[in-house]
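input05.cif follows (mmCIF, C-alpha atoms):
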```
data_query
loop_
_atom_site.label_atom_id
_atom_site.label_comp_id
_atom_site.auth_asym_id
_atom_site.auth_seq_id
_atom_site.Cartn_x
_atom_site.Cartn_y
_atom_site.Cartn_z
CA MET A 205 11.12 0.29 12.23
CA MET A 206 10.17 3.98 12.38
CA LEU A 207 10.64 4.16 8.62
CA ILE A 208 8.15 1.32 8.10
CA LEU A 209 5.58 2.86 10.48
CA ALA A 210 5.92 6.31 8.88
CA SER A 211 5.56 4.82 5.41
CA PHE A 212 2.46 2.87 6.45
CA GLY A 213 0.97 6.06 7.96
CA CYS A 214 1.65 8.01 4.77
CA GLY A 215 -0.01 5.31 2.66
CA LEU A 216 -2.99 5.31 5.01
CA VAL A 217 -3.46 9.12 4.91
CA PHE A 218 -2.91 9.10 1.13
CA GLY A 219 -5.63 6.46 0.77
CA LEU A 220 -8.03 8.32 3.07
CA GLY A 221 -7.47 11.44 0.95
CA LEU A 222 -8.38 9.49 -2.19
CA LEU A 223 -11.55 8.15 -0.53
CA ILE A 224 -12.67 11.55 0.85
CA SER A 225 -12.01 13.32 -2.45
CA GLY A 226 -14.14 10.80 -4.36
CA MET A 227 -11.21 9.82 -6.59
CA THR A 228 -11.62 6.11 -5.76
CA GLU A 229 -14.89 6.21 -7.73
CA PRO A 230 -14.00 5.63 -11.41
CA GLU A 231 -17.26 7.31 -12.51
CA LYS A 232 -16.21 10.54 -10.79
CA VAL A 233 -12.78 10.48 -12.42
CA LEU A 234 -14.37 9.78 -15.82
CA GLY A 235 -16.71 12.71 -15.13
CA PHE A 236 -13.63 14.96 -15.05
CA LEU A 237 -12.13 13.40 -18.17
CA ASP A 238 -15.42 13.75 -20.07
CA PHE A 239 -15.08 17.25 -21.51
CA PHE A 240 -17.98 16.73 -23.90
CA GLY A 241 -20.49 15.45 -21.32
CA THR A 242 -21.55 16.89 -17.96
CA TRP A 243 -18.07 17.93 -16.84
CA ASP A 244 -17.23 17.40 -13.13
CA ALA A 245 -14.28 19.62 -12.15
CA THR A 246 -13.70 17.93 -8.76
CA LEU A 247 -10.42 16.28 -9.83
CA ALA A 248 -8.95 19.75 -10.48
CA CYS A 249 -9.76 20.74 -6.86
CA VAL A 250 -8.12 17.54 -5.60
CA MET A 251 -4.99 18.27 -7.63
CA ALA A 252 -4.92 21.90 -6.46
CA GLY A 253 -5.24 20.96 -2.77
CA ALA A 254 -2.64 18.21 -3.09
CA VAL A 255 -0.10 20.28 -5.06
CA ILE A 256 -0.27 23.25 -2.66
CA VAL A 257 0.22 21.14 0.49
CA ALA A 258 2.87 18.88 -1.09
CA GLY A 259 4.68 21.96 -2.44
CA ALA A 260 4.83 23.52 1.03
CA GLY A 261 6.07 20.23 2.52
CA PHE A 262 8.71 19.81 -0.19
CA ALA A 263 9.93 23.38 0.40
CA LEU A 264 10.34 22.46 4.07
CA ALA A 265 12.19 19.27 3.11
CA ARG A 266 14.59 21.23 0.85
CA ARG A 267 15.72 23.23 3.87
CA ARG A 268 16.63 20.11 5.84
CA SER A 269 19.82 18.12 5.36
CA ALA A 270 18.24 14.66 5.75
CA PRO A 271 14.81 13.05 6.24
CA LEU A 272 13.81 11.89 9.73
CA PHE A 273 14.13 8.12 9.26
CA ALA A 274 16.42 7.66 6.24
CA ALA A 275 19.99 8.60 5.33
CA LYS A 276 19.18 11.01 2.51
CA PHE A 277 16.48 12.61 0.36
CA SER A 278 15.89 10.69 -2.89
CA TRP A 279 14.66 13.49 -5.18
CA PRO A 280 14.09 12.49 -8.81
CA ALA A 281 17.28 13.37 -10.70
CA ARG A 282 16.02 13.56 -14.28
CA ASN A 283 14.49 16.55 -15.98
CA ASP A 284 14.74 15.54 -19.65
CA ILE A 285 11.73 14.85 -21.86
CA ASP A 286 12.44 11.65 -23.82
CA ALA A 287 10.45 9.28 -26.05
CA PRO A 288 9.65 6.68 -23.32
CA LEU A 289 8.21 9.46 -21.11
CA VAL A 290 5.91 10.60 -23.93
CA ALA A 291 4.90 7.13 -25.17
CA GLY A 292 4.50 5.65 -21.68
CA SER A 293 2.36 8.56 -20.50
CA ALA A 294 0.17 8.28 -23.60
CA LEU A 295 -0.38 4.52 -23.02
CA PHE A 296 -1.16 5.17 -19.36
CA GLY A 297 -3.63 7.89 -20.35
CA ILE A 298 -5.48 5.51 -22.70
CA GLY A 299 -5.82 2.90 -19.92
CA TRP A 300 -6.91 5.60 -17.45
CA GLY A 301 -9.49 6.92 -19.90
CA LEU A 302 -10.86 3.42 -20.60
CA SER A 303 -11.35 2.60 -16.91
CA GLY A 304 -11.21 5.77 -14.79
CA ILE A 305 -8.67 3.97 -12.59
CA CYS A 306 -5.04 4.92 -11.91
CA PRO A 307 -2.58 3.04 -9.64
CA GLY A 308 -3.40 4.74 -6.28
CA PRO A 309 -7.19 4.24 -6.40
CA ALA A 310 -6.64 0.73 -7.84
CA LEU A 311 -4.75 -0.34 -4.70
CA VAL A 312 -7.22 1.37 -2.31
CA ASN A 313 -10.13 -0.30 -4.11
CA LEU A 314 -8.40 -3.69 -4.04
CA ALA A 315 -9.53 -3.87 -0.39
CA GLY A 316 -13.09 -4.46 -1.63
CA LEU A 317 -11.93 -7.70 -3.30
CA THR A 318 -14.37 -7.18 -6.15
CA MET A 319 -13.69 -8.99 -9.43
CA PRO A 320 -13.16 -5.86 -11.59
CA MET A 321 -10.49 -4.52 -9.17
CA ILE A 322 -8.73 -7.88 -8.80
CA VAL A 323 -8.60 -8.16 -12.61
CA PHE A 324 -7.41 -4.56 -12.99
CA VAL A 325 -4.63 -4.83 -10.37
CA ALA A 326 -3.49 -8.24 -11.66
CA ALA A 327 -3.31 -6.83 -15.21
CA MET A 328 -1.51 -3.71 -13.95
CA VAL A 329 1.12 -5.84 -12.18
CA LEU A 330 1.47 -7.96 -15.33
CA GLY A 331 1.93 -4.79 -17.40
CA MET A 332 4.68 -3.61 -15.03
CA PHE A 333 6.45 -6.99 -15.27
CA GLY A 334 5.99 -6.90 -19.03
CA TYR A 335 7.78 -3.57 -19.30
CA GLU A 336 10.59 -4.78 -17.02
CA LEU A 337 11.04 -7.96 -19.08
CA TRP A 338 11.07 -5.97 -22.33
CA GLN A 339 13.74 -3.64 -20.90
CA ARG A 340 15.92 -6.54 -19.75
CA ARG A 341 15.67 -8.23 -23.15
CA LYS A 342 16.59 -4.98 -24.84
CA VAL A 343 19.64 -4.55 -22.62
CA ALA A 344 20.62 -8.22 -23.14
CA GLY A 345 20.14 -7.80 -26.91
CA GLU A 346 22.32 -4.69 -26.98
CA THR A 347 25.06 -6.49 -25.03
CA ALA A 348 24.86 -9.46 -27.39
CA SER A 349 25.15 -7.30 -30.52
CA GLU A 350 28.14 -5.52 -28.96
CA VAL A 351 29.78 -8.91 -28.44
CA VAL A 352 29.06 -9.81 -32.10
CA ALA A 353 30.46 -6.44 -33.24
CA ALA A 354 33.58 -6.95 -31.12
CA THR A 355 34.11 -10.45 -32.51
CA ALA A 356 33.58 -9.20 -36.05
CA ALA A 357 36.15 -6.47 -35.48
CA ASP A 358 38.61 -9.08 -34.27
CA GLY A 359 38.01 -11.22 -37.33
CA MET B 124 -25.20 11.47 -11.99
CA HIS B 125 -22.05 12.78 -10.31
CA HIS B 126 -21.87 16.34 -9.07
CA PHE B 127 -19.11 18.84 -8.51
CA THR B 128 -17.88 18.43 -4.91
CA PRO B 129 -15.17 21.08 -4.45
CA THR B 130 -14.99 21.00 -0.63
CA SER B 131 -14.45 17.26 -0.20
CA GLY B 132 -12.16 17.43 -3.23
CA LEU B 133 -9.96 20.10 -1.62
CA ILE B 134 -9.91 18.35 1.79
CA GLY B 135 -9.11 14.96 0.26
CA GLY B 136 -6.52 16.59 -2.00
CA ALA B 137 -4.89 18.33 0.97
CA LEU B 138 -4.58 14.94 2.73
CA ILE B 139 -2.95 13.46 -0.39
CA GLY B 140 -0.52 16.40 -0.41
CA LEU B 141 0.12 16.00 3.32
CA ALA B 142 0.91 12.29 2.90
CA SER B 143 3.25 13.08 -0.02
CA ALA B 144 5.05 15.77 2.01
CA ALA B 145 5.27 13.46 5.06
CA LEU B 146 6.76 10.59 3.01
CA MET B 147 9.51 12.92 1.75
CA LEU B 148 10.17 14.41 5.20
CA SER B 149 10.24 11.03 6.96
CA ALA B 150 11.52 8.52 4.39
CA GLY B 151 13.08 10.89 1.83
CA ARG B 152 11.00 9.26 -0.88
CA LEU B 153 8.61 10.58 -3.51
CA ALA B 154 5.00 9.40 -3.16
CA GLY B 155 4.53 8.00 -6.66
CA VAL B 156 2.27 4.98 -6.39
CA SER B 157 3.31 3.31 -9.68
CA GLY B 158 6.99 3.77 -8.80
CA ILE B 159 6.51 2.39 -5.29
CA LEU B 160 4.59 -0.64 -6.60
CA GLY B 161 7.03 -1.15 -9.49
CA GLY B 162 9.89 -1.13 -6.99
CA VAL B 163 8.25 -3.86 -4.91
CA LEU B 164 7.94 -6.02 -8.03
CA THR B 165 11.37 -5.51 -9.55
CA THR B 166 14.01 -4.47 -7.03
CA SER B 167 15.30 -6.61 -4.22
CA ARG B 168 16.43 -3.64 -2.13
CA ASP B 169 14.29 -1.45 0.16
CA ARG B 170 11.10 -3.39 -0.34
CA ALA B 171 9.92 -2.93 3.26
CA TRP B 172 8.94 0.77 3.22
CA ARG B 173 7.33 0.30 -0.20
CA LEU B 174 5.21 -2.61 1.00
CA ALA B 175 4.27 -0.65 4.15
CA PHE B 176 3.02 2.26 2.01
CA ILE B 177 0.94 -0.10 -0.16
CA VAL B 178 -0.52 -1.87 2.88
CA GLY B 179 -1.43 1.60 4.20
CA LEU B 180 -3.25 2.43 0.96
CA ILE B 181 -5.26 -0.80 1.11
CA ALA B 182 -5.94 -0.39 4.86
CA ALA B 183 -7.43 3.06 4.16
CA ALA B 184 -10.41 1.44 2.45
CA LEU B 185 -11.02 -0.70 5.55
CA ILE B 186 -10.39 1.99 8.21
CA GLY B 187 -11.90 4.91 6.28
CA PRO B 188 -15.53 3.74 6.40
CA LEU B 189 -15.24 3.50 10.22
CA LEU B 190 -14.37 7.22 10.18
CA GLY B 191 -17.18 8.07 7.79
CA THR B 192 -15.51 7.96 4.35
CA SER B 193 -16.89 5.92 1.48
CA GLY B 194 -15.65 2.35 1.07
CA PRO B 195 -14.00 0.76 -1.95
CA ALA B 196 -15.74 1.28 -5.29
CA ARG B 197 -18.27 -1.34 -6.40
CA LEU B 198 -18.03 -1.84 -10.12
CA SER B 199 -20.08 -3.99 -12.42
CA SER B 200 -18.38 -7.26 -13.39
CA SER B 201 -19.77 -7.12 -16.92
CA ASN B 202 -16.65 -5.41 -18.30
CA LEU B 203 -13.80 -7.60 -17.05
CA VAL B 204 -12.03 -7.67 -20.44
CA LEU B 205 -12.03 -3.87 -20.51
CA TYR B 206 -10.51 -3.75 -17.00
CA ALA B 207 -7.85 -6.27 -18.02
CA ILE B 208 -6.85 -4.21 -21.07
CA ALA B 209 -6.94 -0.94 -19.10
CA GLY B 210 -4.86 -2.48 -16.28
CA LEU B 211 -2.20 -3.72 -18.71
CA LEU B 212 -1.95 -0.26 -20.32
CA VAL B 213 -1.78 1.49 -16.93
CA GLY B 214 0.92 -0.91 -15.63
CA PHE B 215 3.09 -0.87 -18.76
CA GLY B 216 2.58 2.84 -19.43
CA THR B 217 3.35 4.08 -15.92
CA ARG B 218 6.62 2.11 -15.81
CA MET B 219 7.64 3.24 -19.29
CA GLY B 220 6.71 6.86 -18.51
CA ASN B 221 8.18 6.62 -15.01
CA GLY B 222 5.13 7.80 -13.10
CA CYS B 223 1.40 8.24 -12.75
CA THR B 224 -1.13 10.73 -11.35
CA SER B 225 0.61 10.85 -7.96
CA GLY B 226 4.30 10.89 -8.95
CA HIS B 227 4.08 13.07 -12.09
CA GLY B 228 0.76 14.77 -11.31
CA VAL B 229 0.82 15.73 -7.63
CA CYS B 230 4.53 15.50 -6.73
CA GLY B 231 5.80 16.64 -10.15
CA PHE B 232 3.67 19.79 -10.17
CA ALA B 233 4.63 20.45 -6.53
CA ARG B 234 8.33 20.23 -7.54
CA VAL B 235 7.65 22.32 -10.68
CA SER B 236 9.36 19.62 -12.78
CA ALA B 237 9.04 20.27 -16.54
CA ARG B 238 9.39 16.52 -17.21
CA SER B 239 6.48 15.67 -14.90
CA ILE B 240 4.29 18.53 -16.11
CA VAL B 241 4.75 17.35 -19.74
CA ALA B 242 3.96 13.75 -18.69
CA THR B 243 0.80 14.87 -16.85
CA LEU B 244 -0.44 16.94 -19.79
CA ILE B 245 0.13 13.93 -22.09
CA PHE B 246 -1.67 11.33 -19.95
CA MET B 247 -4.53 13.69 -19.18
CA GLY B 248 -4.82 14.58 -22.85
CA ALA B 249 -4.74 10.90 -23.90
CA ALA B 250 -7.38 10.06 -21.26
CA ILE B 251 -9.66 12.93 -22.36
CA VAL B 252 -9.40 11.85 -26.01
CA THR B 253 -10.08 8.21 -25.02
CA VAL B 254 -13.20 9.16 -23.02
CA ALA B 255 -14.40 11.39 -25.85
CA LEU B 256 -14.02 8.52 -28.36
CA VAL B 257 -15.61 5.89 -26.11
CA ARG B 258 -18.53 8.02 -24.93
CA HIS B 259 -19.19 10.29 -27.89
CA GLY B 260 -17.08 9.09 -30.81
CA PHE B 261 -18.80 6.04 -32.18
CA GLY B 262 -22.02 7.63 -33.38
CA GLY B 263 -22.99 8.25 -29.74
#
```
Before we go any further, please render this structure as structure tokens.
Amino acid sequence: MMLILASFGCGLVFGLGLLISGMTEPEKVLGFLDFFGTWDATLACVMAGAVIVAGAGFALARRRSAPLFAAKFSWPARNDIDAPLVAGSALFGIGWGLSGICPGPALVNLAGLTMPMIVFVAAMVLGMFGYELWQRRKVAGETASEVVAATAADG
Amino acid sequence: MHHFTPTSGLIGGALIGLASAALMLSAGRLAGVSGILGGVLTTSRDRAWRLAFIVGLIAAALIGPLLGTSGPARLSSSNLVLYAIAGLLVGFGTRMGNGCTSGHGVCGFARVSARSIVATLIFMGAAIVTVALVRHGFGG
């Protein structure tokens, strides 16, 4: 129960931070991404403030053996730079540049129940499912071809 | 139209960092919004804390205005096809690349992860090129 409450609180503060910083306004985000127009550097300040505070908190977490309401820390394990990381990030960047919306602000803005945000979030969820489905098919395909290869070897 | 607002940017950013630090210290989880949402959609395990975080994000837009923040963005409905295409790219791309502005950007830089820093430079670069093409590229 404490885990759920803490997680809700973190989402709430995260969302308030997005609203206060102006990052829920796509025009403001696009103003940062528009290097050849009237550039608005606000997003860089948001990143700087967030990275410094998160970095201090993570350093504190590294010195503890376990989080308060869970069994262990789940730090990301990977540090390799592979093709999906590069291609996926590029696709995300194109979508972000087209709209000025990334996943956090999309969910905060969903509260307004405006048509553009409903369409964006529905498409985003569909895109996530699409990737998952593609991955499962790929895995299933690989397993199937292994079976074929094994049968062929037997024959 | 929009002006540089460094103070509110830093304060809002600090709150985002605080929430990210608090999620790690309390739940042991990284505050990556695309990963948290993706997990709700695809895994059957530990959905509860993920859903709670997402409900918190949405609640912020309802509670925030009572505390003096702006409300959810009001966008024109004339570009729904564009938002559909952008949403698909953001959803597919963040799952394929394993993160977005929060997970790779904020948390990745805070962890000094080479993988996340590369991802952030790529999606920011791709977004900057996209905006340049859309706003200035086609004879504009």
Scan for residues within 9 Å of the point (4.4, 9.3, -11.1) in the coordinates of the file, using all atoms listed in the file, and reply as a PyMOL selection string. chain B and resi 153-158+217-218+220-231+239+242-243
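Among A:Ala275, A:Ala348, A:Ala258, A:Met205, the residue with the shortest atom-to-atom distance to chain B, counting all atoms listed in the file, is A:Ala258.
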Please write the residues picked by the PyMOL selection byres ((chain B and resi 181) around 9) on this file as a list in words. Gly215, Leu216, Gly219, Leu311, Val312, Asn313, Leu314 and Ala315 of chain A; Phe176, Ile177, Val178, Gly179, Leu180, Ala182, Ala183, Ala184 and Leu185 of chain B
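You will find CA of Thr130 in chain B at 23.8 Å from CA of Phe240 in chain A.
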Could you write out as a ChimeraX atom specification the residues that the PyMOL selection byres ((chain B and resi 247-250) around 8) matches in the shown file? /A:237,294-295,297-302 /B:243-246,251-254
